[in-house]
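Shown next, in structure tokens, is the structure this report addresses.
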Amino acid sequence: MTYLDYQATTPLAPEARQAMLRWLAEDGFANPHSAHAMGRAAKAAVEVAREQVAALFPAGGKVIFTGSATEAINLAIQGRAYGKVAVSAIEHAAVRDTARAVGQDHELPVGPDGLVDPEIALPDGLGLVAVMQVNNEIGTIQPVARLAERAHQAGALFLCDAVQGAGKLAAPTGADMIAVSAHKLHGPKGIGALWIRDGVELSPLIHGGGQESGLRSGTLSPALCTGFGAAAQVALARRDEDAAHVSGLWDAARDVLSLWTLNGSKTERWKGNLNLRLNGLDVARLMSECRRVMFSAGSACASGSGRPSHVLRALGLSDGEARSSIRLGFGRYTTREELIEACRAINAAAKTQGV
Amino acid sequence: MSETPLYLDHAATTPLLPAAREAMLHGFAIWANPSSPHAPGRKARSALEEARMRIGTALGWKGEIVFTSGASEALALAISRCVQPLAAVSTVEHEAVLRHAGEVARLPADAHGLVDPAVCALSGLVAVQQVNNETGVIQPVDAIAKAVRSASGLLLVDAAQSAGKLDTPDADLIALSAHKFGGPIGVGALLVRDWALLRPTGGQERGYRGGTENLPGVLAMAAALEAGRDWLDQAARLRERLDQGIVAAGGQIVAADAPRLSTIGAYRMPGKSANAQLIRFDGQGIAVSAGSACSSGSLRTSHVLEAMGLDGANEVIRVSIGRETTCADIDRFVAAWRGVAGA
């Protein structure tokens, strides 16, 4: 079985698992908000983890732990009144649907390369621009630094969904808020974070005990926080090594799948994402014939909806082209041998379809 | 610290049960995204759905279950997405409810901390907890549910302290948190009698809660609930011993005459501020609290005790019992109490 779905989730790093065990142990259960000695020890571990996670972000802001990146994005978008909210056409549903829910959303189109034009016209009355760092379906890296600058010139704030880029690329510069998820960087599920630049004021969506500077109530899990912290630390320490490994994997996969057409920019991309199409391909049949290769046809969340991907449609692909596309995602724990074998299996299965 | 730690703050959080830890470690190994259509994704999905059914069975709940990151999120979800607007909350609710409540009506608690069901016959969403987190007082939620229903309202019950300990109430929406009953921190649920009671937001959990599911947490929550509640008889005996010991040492029991959950006791030490008591207990390795963990260290007077009109509210601490608490632990605490009170 070869797992090629690194955008949906990533294997838990052994270092993250190990870090969590301390806080799942018999004496590791305290509530980090308790004032007694055990509570203070748990709190200290949470704060160490917060520092480790903070290293994913620029200086000059604070890290608020949330239950997921989705929650972080909801907090960023719903945490204050912005007026018009402009989001790229290829944002994750967590951004698109939340922007839609607050009304006044404006869509920033992308070119056929899957990139937002950094000089694109912005609407009047703009309060927030949200553009992701790395797209989850096609892996394109957006010009977020320039877009953040443009947003600021227009008097708006800039939110960056860095779920797919965190720990892999340098932190996006210029953003006012950045959302990340632990399980996309080999940390545990059930925890994410919102980084907020100093001076940016938000109101909470989840009220209660007033944890996280009053911005997000709910008992923090020392286990999830330390797992997230360890995963972030490993990702940063191995960033160059992981990137070189992924680049080698990309070359190997492209080599085998040379007849497939790449969706999205060749150059502005995270190479752990290979979104390819083969005209006339029946993807459902391909998946059922390659049962030992775990890949997807778009985001996990939209899987099974039967709708063609909004991202591929935004590139200008026809419904048919979008439906004949697959996404291969690989990373730190993928070996070259298993990837080549999987790509060969995909090729062979496609061949039997005569495409 | 020279003394062996004595943890009597189980209402803040309680140790992860071994079965829950095992389930969590198993969950770490099933790491695929439950929304992925491939085989490992489907395996994660089926584990998630099986856990959902087991949790429903353990709670005796026939309605729907939405997994969340905890009770605070479940309460926020219920209040912000319910088809009926929030109409009233009791004065003794946790901050996780009160802070959403703005100017809505307050349902008073009497000197015993109890809410009168008769005042709950309101339309709209009414929020009353099953058990108070500071005093352990058990509200008559089934009678309250009847009253709310008689006025075509909906009842939201914060069951963070009671889930896994008392029977699940006959309410419309119920919030719970795994780490209060031996599951892990970071996972909880909103029980929903009928999907028609909530407006969906899109995303996972049938469109009622976006975000990749915390499968290890959910599996551990199921295991913790299945561990059962036989231990509560022993807890009741220990709490009785604690009550008697503290009264004999000149202390007062808060809400002594109300029905109280057998694991929580709130006690007043006349003439000694709660903060001074906590410092002394902490110095002896004893973990107790003044009110909720969330408000610890804030030095605010408890809104719960104030609502009950209690004298000396700032002299009250909370002692809460867990599965592993022994008779010797209680005796050690009572002896320590005598020392703090006498000094």
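Simple scheme: letters A, B, ... for chains in structure tokens order, numbers from 1 for residues in each chain, numbers from 1 for ligands in the order shown.
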(message) as number ranges by chain, please: every residue in region 50-242 of chain A that DSSP puts in strand (DSSP E).
(response) A: 61-66, 84-88, 105-108, 126-130, 157-161, 177-181, 192-197
Could the residues in this selection be written to a file with C-alpha atoms, as a compact mmCIF listing (two decimals), in the first residue's frame?
```txt
# COMPACT_ATOMS: atom_id res chain seq x y z
CA GLY A 61 2.57 38.16 16.58
CA LYS A 62 0.95 35.62 18.88
CA VAL A 63 -0.13 32.02 18.41
CA ILE A 64 -3.68 31.07 19.40
CA PHE A 65 -4.29 27.33 19.55
CA THR A 66 -7.57 26.16 18.00
CA LYS A 84 -15.88 43.38 1.72
CA VAL A 85 -13.85 40.14 1.87
CA ALA A 86 -11.85 39.18 -1.23
CA VAL A 87 -10.78 35.56 -1.54
CA SER A 88 -9.06 33.73 -4.37
CA ASP A 105 -17.42 38.24 -0.64
CA HIS A 106 -15.48 39.06 -3.77
CA GLU A 107 -13.67 36.44 -5.84
CA LEU A 108 -10.13 36.97 -7.09
CA LEU A 126 -12.25 46.13 1.02
CA GLY A 127 -11.69 44.95 4.59
CA LEU A 128 -9.96 41.59 4.20
CA VAL A 129 -8.06 39.70 1.52
CA ALA A 130 -7.57 35.94 1.97
CA LEU A 157 -6.02 43.12 6.35
CA PHE A 158 -4.51 39.98 4.84
CA LEU A 159 -5.29 36.41 5.93
CA CYS A 160 -3.14 33.55 4.69
CA ASP A 161 -4.25 29.91 4.87
CA MET A 177 -3.27 36.42 10.23
CA ILE A 178 -2.02 32.95 9.30
CA ALA A 179 -3.92 29.68 9.81
CA VAL A 180 -2.20 26.30 10.12
CA SER A 181 -3.10 22.71 10.97
CA GLY A 192 -4.53 23.98 14.63
CA ALA A 193 -3.44 27.53 15.24
CA LEU A 194 -4.12 31.08 14.21
CA TRP A 195 -1.18 33.46 14.22
CA ILE A 196 -2.26 37.04 14.76
CA ARG A 197 -0.01 40.01 14.14
```
Counting only C-alpha atoms, which residues in region 45-126 of chain B sit no more than 12 Å from region 196-209 of chain B? For each one, give the nearest pair of atoms and the distance in Å, sorted by chain then residue number, as a tab-separated table.
```
residue	atom	partner	partner_atom	distance
B:Arg45	CA	B:Glu205	CA	11.2
B:Leu48	CA	B:Glu205	CA	10.6
B:Glu49	CA	B:Glu205	CA	10.4
B:Arg52	CA	B:Glu205	CA	11.0
B:Gly63	CA	B:Leu197	CA	11.4
B:Glu64	CA	B:Arg206	CA	10.1
B:Ile65	CA	B:Glu205	CA	8.6
B:Val66	CA	B:Glu205	CA	6.0
B:Phe67	CA	B:Glu205	CA	7.2
B:Thr68	CA	B:Arg209	CA	7.3
B:Ser69	CA	B:Arg209	CA	10.1
B:Glu73	CA	B:Arg209	CA	9.9
B:Ala74	CA	B:Arg209	CA	9.6
B:Ala76	CA	B:Arg209	CA	11.4
B:Leu77	CA	B:Arg209	CA	8.3
B:Ala78	CA	B:Leu198	CA	7.3
B:Ile79	CA	B:Leu198	CA	9.3
B:Ser80	CA	B:Arg199	CA	8.9
B:Arg81	CA	B:Arg199	CA	5.2
B:Cys82	CA	B:Leu198	CA	4.5
B:Val83	CA	B:Leu198	CA	5.5
B:Gln84	CA	B:Leu197	CA	7.9
B:Pro85	CA	B:Leu198	CA	10.9
B:Gly124	CA	B:Leu197	CA	11.4
B:Leu125	CA	B:Leu197	CA	10.3
```
(request) Show which residues sit within 8 Å of Met1 (chain A), as JSON, numbers by chain. Count only C-alpha atoms, and ignore same-chain residues fewer than 5 positions away. (result) {"A": [292, 293, 294]}
(message) Residues of chain B were defined as contacting chain A if any atom lay at most 7 Å from it, counting only C-alpha atoms; please report them as a ChimeraX atom specification.
(response) /B:12-16,21,31-33,35-38,69-70,72-73,76,95-97,99-100,185-186,210-211,213-214,282,287,293-297
(request) Considering only C-alpha atoms, return as an MDAnalysis selection string whatever protein or nucleic-acid residues lie within 12 Å of Gly271 (chain B), sequence-local ones (same chain, fewer than 2 positions apart) excluded. (result) chainID B and resid 250:252 268:269 273:277 311:316 340:343
(request) Just list the residues in region 5-225 of chain B DSSP gives helix (DSSP H, G or I) on the backbone, as a PyMOL selection string. (result) chain B and resi 18-29+39-59+71-81+95-98+117-120+141-150+178-180+195-197+204-207+215-225
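The closest residue to Arg344 (chain A), picked from A:Ser265, A:Gln52, A:Ser258, A:Gln142 and counting only C-alpha atoms, is A:Ser258.
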(request) Determine, counting only C-alpha atoms, which protein, DNA and RNA residues have an atom within 10 Å of an atom of Trp260 (chain A); residues of the same chain fewer than 5 positions away are not included. Present the result as an NGL selection string. (result) :A and (254 or 275-279 or 325 or 347)
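All residues of protein, DNA or RNA that reach within 9 Å of Ala322 (chain A), judged by only C-alpha atoms and not counting those fewer than 5 positions away in the chain, are Arg277, Pro308, Ser309, His310, Val311, Leu312, Arg313 and Leu317 of chain A.
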(request) Could you check which of B:Pro259, B:Gly182, B:Pro270, B:Gly265 is closest to Asn133 (chain B), using only C-alpha atoms? (result) B:Gly265
(message) I'd like the contact shell of Lys165 (chain B) - 8 Å cut-off, only C-alpha atoms, skipping same-chain residues fewer than 5 positions apart - returned as an NGL selection string.
(response) :B and (181 or 229 or 232)
Could you take the residues named above and write them with C-alpha atoms, as a compact mmCIF listing (two decimals), in the first residue's frame?
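Output contents, as saved in result.txt:
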```
# COMPACT_ATOMS: atom_id res chain seq x y z
CA PHE B 181 -14.86 11.52 32.28
CA ARG B 229 -19.70 4.36 36.41
CA LEU B 232 -19.50 6.45 41.79
```
